[in-house]
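Presented below is the structure to which this report refers.
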Amino acid sequence: MGVRTDEGRSGGRPDVLVIGGGVIGLVTAWRAAQRGLRTAVADPAPGRGAARVAAGMLAAVTELHHGEEALLDLNLASAARYPAFAAELVEAAGADVGYRACGTLQVALDADDRAELREIELLRRRCGLEASWLTGRECRRLEPMLAPGVRGGLRVDGDHQTDPRRLTAALLTACERAGVTFHRDEARELTVTGDRATGVVLADGTRVTAGQSVLAAGCRSGGLAGLPPEVAVPVRPVKGQVLRLRIPPGYAPFLSRTVRAVVRGGQVYLVPRLSGELVVGATTEELGWDTTVTAGGVYQLLRDAHELVPGITELPLVETLAGLRPATPDNAPLLGPSGLDGLHLATGHGRNGVLLAPITGEALAEALTTGELPDYARPFHARRFATSENREVPA
Ligand code: GLY
């Protein structure tokens, strides 16, 4: 296929090309455009990736796992930015993003779950977080729909939610209003001229050149043709199946906050929206690129959610979907300069993409304008998995 150039079609060469129009790509493009950079995004269907499946929990605390203490600081910093970020985005897009400061209740159903949750309580205390244990009765006082068998739990008042579908729609509008250009096509290959990334060739053969590029293609980031071998992008897909139920009008209040638990070793969470949608998630499956919704996945989620909140069986089941989380070896994102001049990474956000959107947009805008990541983002610099010969001191 011949290669065309996009010059003229999009009004001149962009300063920044963002490869991938998911929540991370869109927030990066919006923030870059706000800094006065001429910005373009390449994606065949912006906003239709993992964020379409995600529940939108802003779970800095309840998604904390052993070994992820450094990530906790980034997650908390992004969570703290959410109220102002959501308000700014609502203003910029003229559309709601479903941000809801409702908090989370994390409960245990049996003795094993309780022992695990007690462990989590200790981890949180070690990290300087408040964690106070509630009895089963206290949990049910907060959420009367909880099963009588709930043994106890932890109240986490700072873990809120947003609606990722509304969020990405608003980001798309905000980008358009800020002058971002969209190439609704797949980036087929990164172009490298000399020792510098210079843009991409799209699937239709169009060459898009840009001063700097940002690889924000979620779990597909590592597969972009043309990436030099010294740019390590160790991102793999981790499948999550998610259900959407509807709480009919008049049935409310069903749940007033997110309720979650570890049941038989698997995570289950119920995220109630003001719109009446109830999101139940999510499986965690290492199955490559498979996005099949399986009877087993749906059964597992409904069974576990039913044990927590028996009343869910009365609700209409309106949607089942599977998405792919972009996971890295240390479960933390890859941010900023990649080691190849002209190429930044904004990928690998794993279970925390929606939560980390505000701080990622801010950090990448800083890196694109100054060449350096802000201090809070340096532990997550994009070169940490490069081979030692190629690894440099993080910018
Ligand atoms: N953050 C929730 C999940 O990835 O399932």
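Identifiers for the structure tokens are assigned positionally: chains receive A, B, ... in sequence, residues are indexed from 1 per chain, and ligands are indexed from 1 in the order shown.
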
All strand (DSSP E or B) residues (DSSP, backbone) inside range 112-223 of chain A, as an MDAnalysis selection string: chainID A and resid 133:135 152:156 160:161 181:183 187:193 196:202 206:209 212:215

Test item, helix (DSSP H, G or I) assignment across range 48-193 of chain A, answer as a PyMOL selection string: chain A and resi 50-53+69-93+111-126+136-142+164-177

Spatial neighbours of Glu119 in chain A, max dist 12 Å, only C-alpha atoms, sep filter under 2 positions, as a PyMOL selection string: chain A and resi 64-66+108+112-117+121-126+131+133+153-154

Could the residues in this selection be saved with C-alpha atoms as a PDB file, in the first residue's frame?
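Printed below is result39.pdb as written:
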```
ATOM      1  CA  LEU A  64      -4.109  -1.711  47.293  1.00  0.00           C
ATOM      2  CA  HIS A  65      -2.265  -5.034  47.153  1.00  0.00           C
ATOM      3  CA  HIS A  66       0.901  -6.236  48.883  1.00  0.00           C
ATOM      4  CA  ALA A 108     -16.052 -10.413  54.439  1.00  0.00           C
ATOM      5  CA  ASP A 112     -11.232 -17.016  55.387  1.00  0.00           C
ATOM      6  CA  ASP A 113     -12.453 -13.758  53.854  1.00  0.00           C
ATOM      7  CA  ARG A 114     -12.355 -12.159  57.270  1.00  0.00           C
ATOM      8  CA  ALA A 115      -8.760 -13.278  57.849  1.00  0.00           C
ATOM      9  CA  GLU A 116      -7.795 -11.837  54.454  1.00  0.00           C
ATOM     10  CA  LEU A 117      -9.538  -8.555  55.142  1.00  0.00           C
ATOM     11  CA  GLU A 121      -6.412  -3.762  57.383  1.00  0.00           C
ATOM     12  CA  LEU A 122      -2.853  -4.252  58.723  1.00  0.00           C
ATOM     13  CA  LEU A 123      -1.319  -3.392  55.342  1.00  0.00           C
ATOM     14  CA  ARG A 124      -3.340  -0.191  55.227  1.00  0.00           C
ATOM     15  CA  ARG A 125      -2.258   0.784  58.726  1.00  0.00           C
ATOM     16  CA  ARG A 126       1.384   0.173  57.761  1.00  0.00           C
ATOM     17  CA  ALA A 131      -8.806   1.484  58.709  1.00  0.00           C
ATOM     18  CA  TRP A 133     -13.228  -2.605  61.493  1.00  0.00           C
ATOM     19  CA  GLY A 153     -15.916  -5.142  56.974  1.00  0.00           C
ATOM     20  CA  LEU A 154     -13.904  -2.011  56.435  1.00  0.00           C
TER      21      LEU A 154
END
```

Contacts between range 258-263 of chain A and range 270-296 of chain A, please, where a residue of range 270-296 of chain A counts if it comes within 9 Å (with only C-alpha atoms); show its shortest atom pair and distance in Å to one decimal, rows by chain and ascending number, as a Markdown table.
```
| residue | atom | partner | partner_atom | distance |
| --- | --- | --- | --- | --- |
| A:Leu270 | CA | A:Val259 | CA | 5.3 |
| A:Val271 | CA | A:Thr258 | CA | 4.6 |
| A:Pro272 | CA | A:Thr258 | CA | 6.3 |
```

Selection as number ranges by chain: residues within 10 Å of ligand 1 by only C-alpha atoms and all ligand atoms: A: 50, 53-60, 62-63, 238-242, 267-269, 280-284, 323-327, 349-355

Proximity of range 339-371 of chain A to range 15-22 of chain A: per-residue shortest pair, 10 Å limit, only C-alpha atoms, as JSON lines:
```
{"residue": "A:Gly342", "atom": "CA", "partner": "A:Val16", "partner_atom": "CA", "distance": 9.2}
{"residue": "A:Leu343", "atom": "CA", "partner": "A:Leu17", "partner_atom": "CA", "distance": 9.6}
{"residue": "A:His344", "atom": "CA", "partner": "A:Val18", "partner_atom": "CA", "distance": 9.3}
{"residue": "A:Leu345", "atom": "CA", "partner": "A:Val18", "partner_atom": "CA", "distance": 9.6}
{"residue": "A:Ala346", "atom": "CA", "partner": "A:Val18", "partner_atom": "CA", "distance": 9.3}
{"residue": "A:Thr347", "atom": "CA", "partner": "A:Gly20", "partner_atom": "CA", "distance": 9.7}
{"residue": "A:Gly353", "atom": "CA", "partner": "A:Gly22", "partner_atom": "CA", "distance": 9.4}
{"residue": "A:Val354", "atom": "CA", "partner": "A:Gly22", "partner_atom": "CA", "distance": 9.9}
{"residue": "A:Leu368", "atom": "CA", "partner": "A:Val16", "partner_atom": "CA", "distance": 8.1}
```

Give me, as a tab-separated table, the closest atom pair and its distance (Å, one decimal) for every residue of range 46-106 of chain A within a cut-off of 9 Å of range 372-380 of chain A, counting only C-alpha atoms, rows sorted by chain and rising number.
```
residue	atom	partner	partner_atom	distance
A:Ala70	CA	A:Pro379	CA	7.9
A:Leu71	CA	A:Phe380	CA	8.4
A:Asp73	CA	A:Tyr376	CA	8.3
A:Leu74	CA	A:Tyr376	CA	7.0
A:Ala77	CA	A:Tyr376	CA	8.7
```

Coordinates-based distance that separates CA of Gly98 in chain A from CA of Tyr251 in chain A (Å, one decimal): 20.0 Å

Option closest in space to Glu69 in chain A, from A:Leu129, A:Cys139, A:Ala169, A:Ala174 [counting only C-alpha atoms]: A:Leu129

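Note that the spacing between CA of Ala33 in chain A and CA of Val90 in chain A amounts to 17.0 Å.
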